[in-house]
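Chemist: Input structure: model10.cif, which contains mmCIF, C-alpha atoms.
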data_work
#
loop_
_atom_site.group_PDB
_atom_site.id
_atom_site.type_symbol
_atom_site.label_atom_id
_atom_site.label_comp_id
_atom_site.auth_asym_id
_atom_site.auth_seq_id
_atom_site.Cartn_x
_atom_site.Cartn_y
_atom_site.Cartn_z
ATOM 1 C CA MET R 1 -2.085 22.712 34.433
ATOM 2 C CA GLU R 2 -4.533 25.563 33.822
ATOM 3 C CA THR R 3 -4.086 29.209 32.845
ATOM 4 C CA ASP R 4 -7.176 31.382 33.414
ATOM 5 C CA GLY R 5 -9.353 28.303 33.135
ATOM 6 C CA ALA R 6 -7.673 26.917 30.017
ATOM 7 C CA ARG R 7 -5.783 23.649 30.297
ATOM 8 C CA THR R 8 -2.248 23.609 28.926
ATOM 9 C CA ASP R 9 -1.351 19.932 29.316
ATOM 10 C CA ARG R 10 -1.276 17.865 26.097
ATOM 11 C CA LEU R 11 -4.490 15.961 26.673
ATOM 12 C CA GLY R 12 -6.252 18.991 28.101
ATOM 13 C CA LEU R 13 -5.513 21.046 24.994
ATOM 14 C CA LEU R 14 -6.899 18.329 22.743
ATOM 15 C CA LEU R 15 -10.011 17.830 24.890
ATOM 16 C CA ASP R 16 -10.689 21.568 24.923
ATOM 17 C CA GLN R 17 -10.250 21.680 21.153
ATOM 18 C CA PHE R 18 -12.670 18.769 20.756
ATOM 19 C CA ASP R 19 -15.234 20.383 23.069
ATOM 20 C CA LYS R 20 -15.151 23.675 21.165
ATOM 21 C CA ALA R 21 -15.425 21.950 17.797
ATOM 22 C CA ARG R 22 -18.337 19.842 19.044
ATOM 23 C CA GLU R 23 -20.123 22.901 20.441
ATOM 24 C CA MET R 24 -19.738 24.804 17.171
ATOM 25 C CA ALA R 25 -20.845 21.789 15.128
ATOM 26 C CA GLN R 26 -23.996 21.234 17.170
ATOM 27 C CA VAL R 27 -25.012 24.866 16.771
ATOM 28 C CA ARG R 28 -24.250 24.746 13.035
ATOM 29 C CA LEU R 29 -26.354 21.593 12.549
ATOM 30 C CA THR R 30 -29.437 22.921 14.345
ATOM 31 C CA GLY R 31 -32.497 22.642 12.127
ATOM 32 C CA LEU R 32 -31.068 20.101 9.690
ATOM 33 C CA GLY R 33 -33.944 18.439 7.848
ATOM 34 C CA ASP R 34 -34.094 15.174 5.942
ATOM 35 C CA GLU R 35 -34.239 16.769 2.489
ATOM 36 C CA GLU R 36 -31.174 18.912 3.123
ATOM 37 C CA TYR R 37 -29.381 16.007 4.810
ATOM 38 C CA LEU R 38 -29.755 13.880 1.658
ATOM 39 C CA TRP R 39 -29.387 16.700 -0.906
ATOM 40 C CA GLU R 40 -26.953 15.870 -3.716
ATOM 41 C CA PRO R 41 -25.172 19.090 -4.782
ATOM 42 C CA VAL R 42 -24.082 17.495 -8.080
ATOM 43 C CA ALA R 43 -25.079 14.395 -10.006
ATOM 44 C CA ASN R 44 -23.547 11.138 -8.753
ATOM 45 C CA SER R 45 -22.632 12.527 -5.351
ATOM 46 C CA TRP R 46 -21.670 9.997 -2.710
ATOM 47 C CA SER R 47 -24.384 9.555 -0.100
ATOM 48 C CA ILE R 48 -26.195 6.939 1.947
ATOM 49 C CA ARG R 49 -28.602 4.788 -0.060
ATOM 50 C CA ARG R 50 -30.802 1.762 0.296
ATOM 51 C CA ARG R 51 -28.948 -1.488 -0.037
ATOM 52 C CA GLY R 52 -28.960 -2.477 -3.693
ATOM 53 C CA GLU R 53 -29.182 1.157 -4.865
ATOM 54 C CA ALA R 54 -25.617 2.207 -4.018
ATOM 55 C CA VAL R 55 -23.690 3.794 -6.878
ATOM 56 C CA THR R 56 -20.265 2.698 -5.629
ATOM 57 C CA PRO R 57 -18.757 -0.803 -5.597
ATOM 58 C CA ARG R 58 -17.718 -0.951 -1.927
ATOM 59 C CA ALA R 59 -20.675 0.663 -0.170
ATOM 60 C CA TYR R 60 -21.064 -0.749 3.332
ATOM 61 C CA GLY R 61 -23.299 -0.881 6.382
ATOM 62 C CA PRO R 62 -25.087 -3.527 8.451
ATOM 63 C CA GLY R 63 -28.669 -2.560 7.708
ATOM 64 C CA GLU R 64 -31.057 -1.401 5.000
ATOM 65 C CA TRP R 65 -29.045 1.759 4.312
ATOM 66 C CA VAL R 66 -25.387 1.767 3.255
ATOM 67 C CA ILE R 67 -22.780 4.469 2.750
ATOM 68 C CA ASP R 68 -21.041 4.899 -0.597
ATOM 69 C CA LYS R 69 -17.408 3.846 -0.912
ATOM 70 C CA GLY R 70 -15.537 3.653 -4.189
ATOM 71 C CA ALA R 71 -13.036 1.303 -5.726
ATOM 72 C CA PRO R 72 -9.768 1.133 -3.781
ATOM 73 C CA ASP R 73 -7.296 3.801 -4.813
ATOM 74 C CA ILE R 74 -5.339 6.687 -3.363
ATOM 75 C CA PRO R 75 -6.912 10.016 -4.395
ATOM 76 C CA ALA R 76 -4.611 12.823 -5.451
ATOM 77 C CA ASN R 77 -5.412 14.911 -2.395
ATOM 78 C CA GLU R 78 -3.946 12.163 -0.171
ATOM 79 C CA TYR R 79 -0.538 11.974 -1.882
ATOM 80 C CA ALA R 80 1.042 14.262 0.711
ATOM 81 C CA GLU R 81 -0.301 12.082 3.527
ATOM 82 C CA ILE R 82 1.148 8.969 1.895
ATOM 83 C CA ALA R 83 4.522 10.694 1.637
ATOM 84 C CA ARG R 84 4.288 11.696 5.319
ATOM 85 C CA GLN R 85 3.521 8.136 6.363
ATOM 86 C CA ALA R 86 6.431 6.760 4.363
ATOM 87 C CA ALA R 87 8.794 9.417 5.740
ATOM 88 C CA GLY R 88 7.653 8.501 9.251
ATOM 89 C CA GLY R 89 8.766 4.912 8.763
ATOM 90 C CA MET R 90 5.542 3.237 7.636
ATOM 91 C CA THR R 91 6.371 0.511 5.152
ATOM 92 C CA VAL R 92 5.076 0.546 1.602
ATOM 93 C CA ALA R 93 3.410 -2.803 2.264
ATOM 94 C CA LYS R 94 1.567 -1.422 5.284
ATOM 95 C CA ILE R 95 0.423 1.671 3.376
ATOM 96 C CA ALA R 96 -0.795 -0.527 0.531
ATOM 97 C CA ASP R 97 -2.690 -2.737 2.962
ATOM 98 C CA ASP R 98 -4.348 0.242 4.671
ATOM 99 C CA TRP R 99 -5.554 1.631 1.329
ATOM 100 C CA SER R 100 -6.381 -1.800 -0.150
ATOM 101 C CA VAL R 101 -4.175 -1.079 -3.143
ATOM 102 C CA SER R 102 -1.103 -2.754 -4.577
ATOM 103 C CA VAL R 103 2.442 -2.042 -3.470
ATOM 104 C CA GLU R 104 3.103 -0.870 -7.010
ATOM 105 C CA ARG R 105 0.348 1.741 -6.701
ATOM 106 C CA VAL R 106 1.887 3.129 -3.512
ATOM 107 C CA GLU R 107 5.287 3.257 -5.176
ATOM 108 C CA GLN R 108 3.739 5.222 -8.063
ATOM 109 C CA VAL R 109 2.308 7.740 -5.604
ATOM 110 C CA LEU R 110 5.620 8.103 -3.768
ATOM 111 C CA ALA R 111 7.448 8.617 -7.061
ATOM 112 C CA HIS R 112 4.911 11.215 -8.224
ATOM 113 C CA THR R 113 6.569 14.385 -9.472
ATOM 114 C CA GLY R 114 5.661 17.330 -11.665
ATOM 115 C CA GLU R 115 2.259 18.995 -11.875
ATOM 116 C CA PRO R 116 -0.365 17.840 -9.392
ATOM 117 C CA GLU R 117 -2.922 15.443 -10.789
ATOM 118 C CA PRO R 118 -6.591 16.507 -10.858
ATOM 119 C CA ASP R 119 -8.300 16.100 -7.502
ATOM 120 C CA ASP R 120 -10.638 13.130 -7.848
ATOM 121 C CA THR R 121 -12.172 13.421 -4.380
ATOM 122 C CA PRO R 122 -15.914 12.746 -4.737
ATOM 123 C CA ILE R 123 -18.554 15.359 -3.970
ATOM 124 C CA THR R 124 -20.654 14.162 -1.043
ATOM 125 C CA THR R 125 -23.897 14.836 0.764
ATOM 126 C CA ILE R 126 -24.249 15.910 4.379
ATOM 127 C CA ALA R 127 -25.532 12.403 5.069
ATOM 128 C CA TRP R 128 -22.294 10.950 3.703
ATOM 129 C CA ARG R 129 -20.017 13.290 5.678
ATOM 130 C CA LEU R 130 -21.897 12.670 8.899
ATOM 131 C CA GLY R 131 -22.063 8.921 8.271
ATOM 132 C CA HIS R 132 -18.349 8.796 7.506
ATOM 133 C CA LEU R 133 -17.537 10.621 10.741
ATOM 134 C CA HIS R 134 -19.849 8.368 12.709
ATOM 135 C CA SER R 135 -18.278 5.256 11.214
ATOM 136 C CA CYS R 136 -14.738 6.480 11.946
ATOM 137 C CA PHE R 137 -15.420 7.414 15.574
ATOM 138 C CA ALA R 138 -17.345 4.178 16.177
ATOM 139 C CA GLY R 139 -14.454 2.135 14.820
ATOM 140 C CA HIS R 140 -11.833 4.060 16.767
ATOM 141 C CA TRP R 141 -13.772 3.622 20.007
ATOM 142 C CA GLU R 142 -14.310 -0.124 19.474
ATOM 143 C CA TRP R 143 -10.655 -0.748 18.634
ATOM 144 C CA THR R 144 -9.300 1.426 21.459
ATOM 145 C CA PHE R 145 -11.695 1.148 24.396
ATOM 146 C CA GLY R 146 -14.018 -1.648 23.292
ATOM 147 C CA GLU R 147 -13.494 -5.339 22.649
ATOM 148 C CA ARG R 148 -11.300 -4.732 19.581
ATOM 149 C CA ARG R 149 -13.045 -7.392 17.561
ATOM 150 C CA GLN R 150 -16.031 -5.931 15.689
ATOM 151 C CA GLU R 151 -15.681 -4.984 12.034
ATOM 152 C CA PRO R 152 -15.766 -1.141 11.910
ATOM 153 C CA LYS R 153 -17.873 -1.146 8.750
ATOM 154 C CA LEU R 154 -20.691 -2.927 10.586
ATOM 155 C CA LEU R 155 -20.892 -0.694 13.656
ATOM 156 C CA VAL R 156 -23.169 2.079 12.348
ATOM 157 C CA ASP R 157 -26.743 1.548 11.217
ATOM 158 C CA PHE R 158 -27.042 4.372 8.682
ATOM 159 C CA THR R 159 -30.384 6.148 8.449
ATOM 160 C CA PRO R 160 -32.176 8.589 6.100
ATOM 161 C CA SER R 161 -33.446 10.496 9.162
ATOM 162 C CA ALA R 162 -31.330 13.548 9.971
ATOM 163 C CA ASP R 163 -32.677 13.732 13.533
ATOM 164 C CA LEU R 164 -31.919 10.081 14.253
ATOM 165 C CA ALA R 165 -28.477 10.266 12.646
ATOM 166 C CA LEU R 166 -27.543 13.288 14.768
ATOM 167 C CA GLU R 167 -28.952 11.773 17.954
ATOM 168 C CA ARG R 168 -26.823 8.658 17.476
ATOM 169 C CA PHE R 169 -23.763 10.650 16.389
ATOM 170 C CA TRP R 170 -23.651 13.026 19.366
ATOM 171 C CA LYS R 171 -24.029 10.089 21.748
ATOM 172 C CA LEU R 172 -21.166 8.219 20.088
ATOM 173 C CA ILE R 173 -18.674 11.069 19.985
ATOM 174 C CA ASP R 174 -19.476 11.986 23.580
ATOM 175 C CA ARG R 175 -18.603 8.414 24.550
ATOM 176 C CA TRP R 176 -15.312 8.772 22.656
ATOM 177 C CA ARG R 177 -14.532 12.015 24.456
ATOM 178 C CA GLU R 178 -15.331 10.556 27.880
ATOM 179 C CA SER R 179 -13.098 7.557 27.221
ATOM 180 C CA VAL R 180 -10.213 9.657 25.920
ATOM 181 C CA ALA R 181 -10.404 11.823 29.050
ATOM 182 C CA THR R 182 -9.524 8.769 31.192
ATOM 183 C CA VAL R 183 -6.273 8.010 29.357
ATOM 184 C CA ALA R 184 -3.132 8.269 31.497
ATOM 185 C CA GLU R 185 -0.171 10.396 30.480
ATOM 186 C CA GLU R 186 2.025 7.413 29.665
ATOM 187 C CA GLN R 187 -0.741 5.872 27.545
ATOM 188 C CA LEU R 188 -0.730 8.934 25.321
ATOM 189 C CA ASP R 189 2.756 7.920 24.201
ATOM 190 C CA THR R 190 1.924 4.229 23.823
ATOM 191 C CA VAL R 191 2.325 3.045 20.240
ATOM 192 C CA GLY R 192 -0.600 0.815 19.317
ATOM 193 C CA PHE R 193 -2.852 1.856 22.203
ATOM 194 C CA SER R 194 -5.446 2.058 19.418
ATOM 195 C CA GLN R 195 -5.628 -0.969 17.170
ATOM 196 C CA TYR R 196 -8.119 0.492 14.686
ATOM 197 C CA PRO R 197 -7.431 -1.605 11.566
ATOM 198 C CA TYR R 198 -8.040 0.985 8.825
ATOM 199 C CA GLY R 199 -5.134 3.384 9.105
ATOM 200 C CA SER R 200 -1.849 3.798 10.913
ATOM 201 C CA ASP R 201 -3.171 3.698 14.501
ATOM 202 C CA PRO R 202 -1.339 0.487 15.467
ATOM 203 C CA ASP R 203 1.945 2.170 14.481
ATOM 204 C CA ASP R 204 1.299 5.556 16.110
ATOM 205 C CA PRO R 205 1.490 6.972 19.664
ATOM 206 C CA PHE R 206 -2.067 7.432 20.909
ATOM 207 C CA ILE R 207 -1.632 11.206 21.259
ATOM 208 C CA THR R 208 -1.415 11.450 17.466
ATOM 209 C CA VAL R 209 -4.580 9.349 17.111
ATOM 210 C CA VAL R 210 -6.467 11.757 19.388
ATOM 211 C CA ALA R 211 -5.158 14.757 17.459
ATOM 212 C CA GLY R 212 -6.114 13.100 14.184
ATOM 213 C CA ALA R 213 -9.653 12.401 15.418
ATOM 214 C CA ASN R 214 -10.038 16.074 16.313
ATOM 215 C CA LEU R 215 -8.909 17.113 12.853
ATOM 216 C CA GLU R 216 -11.318 14.638 11.280
ATOM 217 C CA LEU R 217 -14.206 16.152 13.239
ATOM 218 C CA ILE R 218 -13.172 19.725 12.455
ATOM 219 C CA HIS R 219 -12.597 19.387 8.733
ATOM 220 C CA HIS R 220 -15.686 17.282 7.993
ATOM 221 C CA MET R 221 -17.899 19.581 10.048
ATOM 222 C CA ALA R 222 -16.498 22.546 8.105
ATOM 223 C CA GLU R 223 -17.469 20.775 4.888
ATOM 224 C CA ILE R 224 -20.949 20.096 6.262
ATOM 225 C CA ALA R 225 -21.275 23.768 7.185
ATOM 226 C CA LEU R 226 -20.409 24.755 3.613
ATOM 227 C CA LEU R 227 -22.987 22.304 2.248
ATOM 228 C CA ARG R 228 -25.577 23.927 4.500
ATOM 229 C CA ASP R 229 -24.662 27.335 3.083
ATOM 230 C CA LEU R 230 -24.965 26.015 -0.463
ATOM 231 C CA TRP R 231 -28.328 24.446 0.352
ATOM 232 C CA ARG R 232 -29.612 27.749 1.723
ATOM 233 C CA ALA R 233 -28.376 29.642 -1.334
ATOM 234 C CA ARG R 234 -29.930 27.043 -3.611
ATOM 235 C CA SER R 235 -33.275 27.310 -1.868
ATOM 236 C CA THR R 236 -33.205 31.100 -2.060
ATOM 237 C CA THR R 237 -32.290 31.352 -5.738
ATOM 238 C CA SER R 238 -34.714 28.642 -6.834
ATOM 239 C CA GLY R 239 -37.646 30.082 -4.945
#
Taking this structure as input, can you express it in the form of structure tokens?

Modeler:
Amino acid sequence: METDGARTDRLGLLLDQFDKAREMAQVRLTGLGDEEYLWEPVANSWSIRRRGEAVTPRAYGPGEWVIDKGAPDIPANEYAEIARQAAGGMTVAKIADDWSVSVERVEQVLAHTGEPEPDDTPITTIAWRLGHLHSCFAGHWEWTFGERRQEPKLLVDFTPSADLALERFWKLIDRWRESVATVAEEQLDTVGFSQYPYGSDPDDPFITVVAGANLELIHHMAEIALLRDLWRARSTTSG
């Protein structure tokens, strides 16, 4: 169904949202150079680094360059999401498995009361945010429309080149969008249509996976846009 050119069906709304977010992101990323792409706004930022030079214990990637990933834990800013998953029927064991933490740790998070704990989310580079998005979309595509067998952490060959990273990223998310557009109405409600192993996809209707992917694109691109603003301000004040 369309109203003045705008689709109002469930999938149409999500595709239109994706298209607008992608359009805005591509405009916002025009002119991104390698130095800005790898700029660390604070010491010990998470980024992509040569293998053997990573500053985090679980950095991953198939090639010379890997993306930082820390020790398994549930950061404070994800407590609300854990509570939502539990309230939606996801078992504590499943949540623990998804986060690679103990059942006891999940129970601690669910029992958390009182003042919020300090947010321990790491500060990241543009390279990290873009690499994280690329890795997520690559994994979701493989485990929804692909062969559902390749390890998601080995699907993206991270690179220190901003131009190459963006070229590969746009191609990948366009493939995701094209594949999502072919999904039938009944498949949107199919639980486990996506079998992506890192998260709740196997337990969720596919429509929520599509909505979640849109949100992932939107919020990480907003963070990248802010990092670009900070880079520009830094360059101006240091000149």

Chemist: Could you give me, as a list in words, the residues that sit within 9 Å of (-30.6, 3.5, 0.6) in the file's coordinates, counting only C-alpha atoms?

Modeler: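 Looking at atoms near the point gives Ser47, Ile48, Arg49, Arg50, Arg51, Gly52, Glu53, Ala54, Glu64, Trp65, Val66, Ile67, Phe158, Thr159 and Pro160 of chain R.
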
Chemist: Neighbouring residues of Pro57 (chain R) were defined as those with any atom within 7 Å, considering only C-alpha atoms; residues of the same chain fewer than 2 positions away were excluded. Please report them as number ranges by chain.

Modeler: R: 55, 59, 69-71

Chemist: Write the residues of the selection above to a file with C-alpha atoms, as an mmCIF file, in the coordinates of the input.

Modeler:
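Listing of again_3.cif after writing:
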data_model
loop_
_atom_site.group_PDB
_atom_site.id
_atom_site.type_symbol
_atom_site.label_atom_id
_atom_site.label_comp_id
_atom_site.auth_asym_id
_atom_site.auth_seq_id
_atom_site.Cartn_x
_atom_site.Cartn_y
_atom_site.Cartn_z
ATOM 1 C CA VAL R 55 -23.690 3.794 -6.878
ATOM 2 C CA ALA R 59 -20.675 0.663 -0.170
ATOM 3 C CA LYS R 69 -17.408 3.846 -0.912
ATOM 4 C CA GLY R 70 -15.537 3.653 -4.189
ATOM 5 C CA ALA R 71 -13.036 1.303 -5.726
#

Chemist: Quick one: of R:Thr125, R:Arg177, R:Tyr60, R:Tyr37, who's nearest to Val156 (chain R), counting only C-alpha atoms?

Modeler: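 Smallest distance to Val156 (chain R) is found for R:Tyr60.
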
Chemist: So the first atom is CA of Asp174 (chain R) and the second is CA of Tyr196 (chain R); what is the distance between them in Å, to one decimal place?

Modeler: 18.4 Å

Chemist: Env of Gly212 (chain R): 12 Å cut, atoms = only C-alpha atoms, seq-sep filter 5 positions within chain, self excluded. Answer as a CSV table (one decimal) with C-alpha atoms, keeping the file's coordinate frame.

Modeler:
chain,number,residue,atom,x,y,z
R,14,LEU,CA,-6.9,18.3,22.7
R,17,GLN,CA,-10.2,21.7,21.2
R,18,PHE,CA,-12.7,18.8,20.8
R,136,CYS,CA,-14.7,6.5,11.9
R,137,PHE,CA,-15.4,7.4,15.6
R,140,HIS,CA,-11.8,4.1,16.8
R,199,GLY,CA,-5.1,3.4,9.1
R,200,SER,CA,-1.8,3.8,10.9
R,201,ASP,CA,-3.2,3.7,14.5
R,204,ASP,CA,1.3,5.6,16.1
R,205,PRO,CA,1.5,7.0,19.7
R,206,PHE,CA,-2.1,7.4,20.9
R,207,ILE,CA,-1.6,11.2,21.3
R,217,LEU,CA,-14.2,16.2,13.2
R,218,ILE,CA,-13.2,19.7,12.5
R,219,HIS,CA,-12.6,19.4,8.7

Chemist: Excluding Phe145 (chain R) and any residue of its chain fewer than 6 positions from it, enumerate the residues within 9 Å of it, using all atoms listed in the file, and give them as a compact mmCIF listing (two decimals) with C-alpha atoms, in the frame of the given file.

Modeler:
# COMPACT_ATOMS: atom_id res chain seq x y z
CA TRP R 176 -15.31 8.77 22.66
CA SER R 179 -13.10 7.56 27.22
CA VAL R 180 -10.21 9.66 25.92
CA SER R 194 -5.45 2.06 19.42

Chemist: Have a look at R:Glu81, R:Ala111, R:Ile74, R:Leu32 and name the one nearest to Ala96 (chain R); count only C-alpha atoms.

Modeler: R:Ile74

Chemist: For this file, the PyMOL selection byres ((chain R and resi 38) around 7) selects which residues, as a list in words?

Modeler: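 Output of the PyMOL selection byres ((chain R and resi 38) around 7): Asp34, Glu35, Glu36, Tyr37, Trp39, Glu40, Thr125, Ile126 and Ala127 of chain R.
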
Chemist: Identify which of the residues R:Ala225, R:Pro122, R:Asp16, R:Leu11 lies closest to Val209 (chain R), counting all atoms listed in the file when measuring atom-to-atom distances.

Modeler: R:Leu11

Chemist: Applying 8 Å and only C-alpha atoms, which residues near Pro41 (chain R) remain after dropping the ones on its own chain fewer than 3 positions away? List them as an mmCIF file with C-alpha atoms, in the frame of the given file.

Modeler:
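Written file, around13.cif:
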data_model
loop_
_atom_site.group_PDB
_atom_site.id
_atom_site.type_symbol
_atom_site.label_atom_id
_atom_site.label_comp_id
_atom_site.auth_asym_id
_atom_site.auth_seq_id
_atom_site.Cartn_x
_atom_site.Cartn_y
_atom_site.Cartn_z
ATOM 1 C CA SER R 45 -22.632 12.527 -5.351
ATOM 2 C CA ILE R 123 -18.554 15.359 -3.970
ATOM 3 C CA THR R 124 -20.654 14.162 -1.043
ATOM 4 C CA THR R 125 -23.897 14.836 0.764
#

Chemist: Using Å and a single decimal, report how far CA of Ile173 (chain R) sits from CA of Arg22 (chain R).

Modeler: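 One can read the CA of Arg22 (chain R) to CA of Ile173 (chain R) distance as 8.8 Å.
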
Chemist: As a ChimeraX atom specification, please: the residues near Glu142 (chain R) (cut-off 8 Å, only C-alpha atoms, same-chain neighbours under 5 positions excluded).

Modeler: /R:147-150,152,196

Chemist: With the file shown as input, list the residues that the PyMOL selection byres ((chain R and resi 12) around 12) selects, as a list in words.

Modeler: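 On the file shown, the PyMOL selection byres ((chain R and resi 12) around 12) covers Met1, Glu2, Thr3, Gly5, Ala6, Arg7, Thr8, Asp9, Arg10, Leu11, Leu13, Leu14, Leu15, Asp16, Gln17, Phe18, Asp19, Arg177, Val180, Ala181, Thr182, Val183, Ala184, Glu185, Leu188, Ile207, Val210 and Ala211 of chain R.
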
Chemist: One decimal, Å: what's the distance from CA of Gln195 (chain R) over to CA of Thr144 (chain R), could you say?

Modeler: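 CA of Thr144 (chain R) lies 6.1 Å from CA of Gln195 (chain R).
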
Chemist: Between R:Asp203, R:Trp170, R:Glu23, R:Trp143, which is the closest to Ile95 (chain R) once you count only C-alpha atoms?

Modeler: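 Ranked by minimum distance to Ile95 (chain R), first place goes to R:Asp203.
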
Chemist: Any chance you could work out the axis-aligned box around region 166-173 of chain R, listed atoms only, 5 Å on each side, giving centre and edge lengths in Å to one decimal, as JSON?

Modeler:
{"center_x": -23.8, "center_y": 10.8, "center_z": 18.3, "size_x": 20.3, "size_y": 15.1, "size_z": 17.0}

Chemist: Could you check which of R:Ala21, R:Ala87, R:Val27, R:Met221 is closest to Arg129 (chain R), using all atoms listed in the file?

Modeler: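 Of R:Ala21, R:Ala87, R:Val27, R:Met221, the one nearest Arg129 (chain R), counting all atoms listed in the file, is R:Met221.
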
Chemist: Can you list, as an MDAnalysis selection string, the residues that the PyMOL selection byres ((chain R and resi 73) around 12) selects here?

Modeler: chainID R and resid 58 69:72 74:79 82 95:106 108:109 120:121
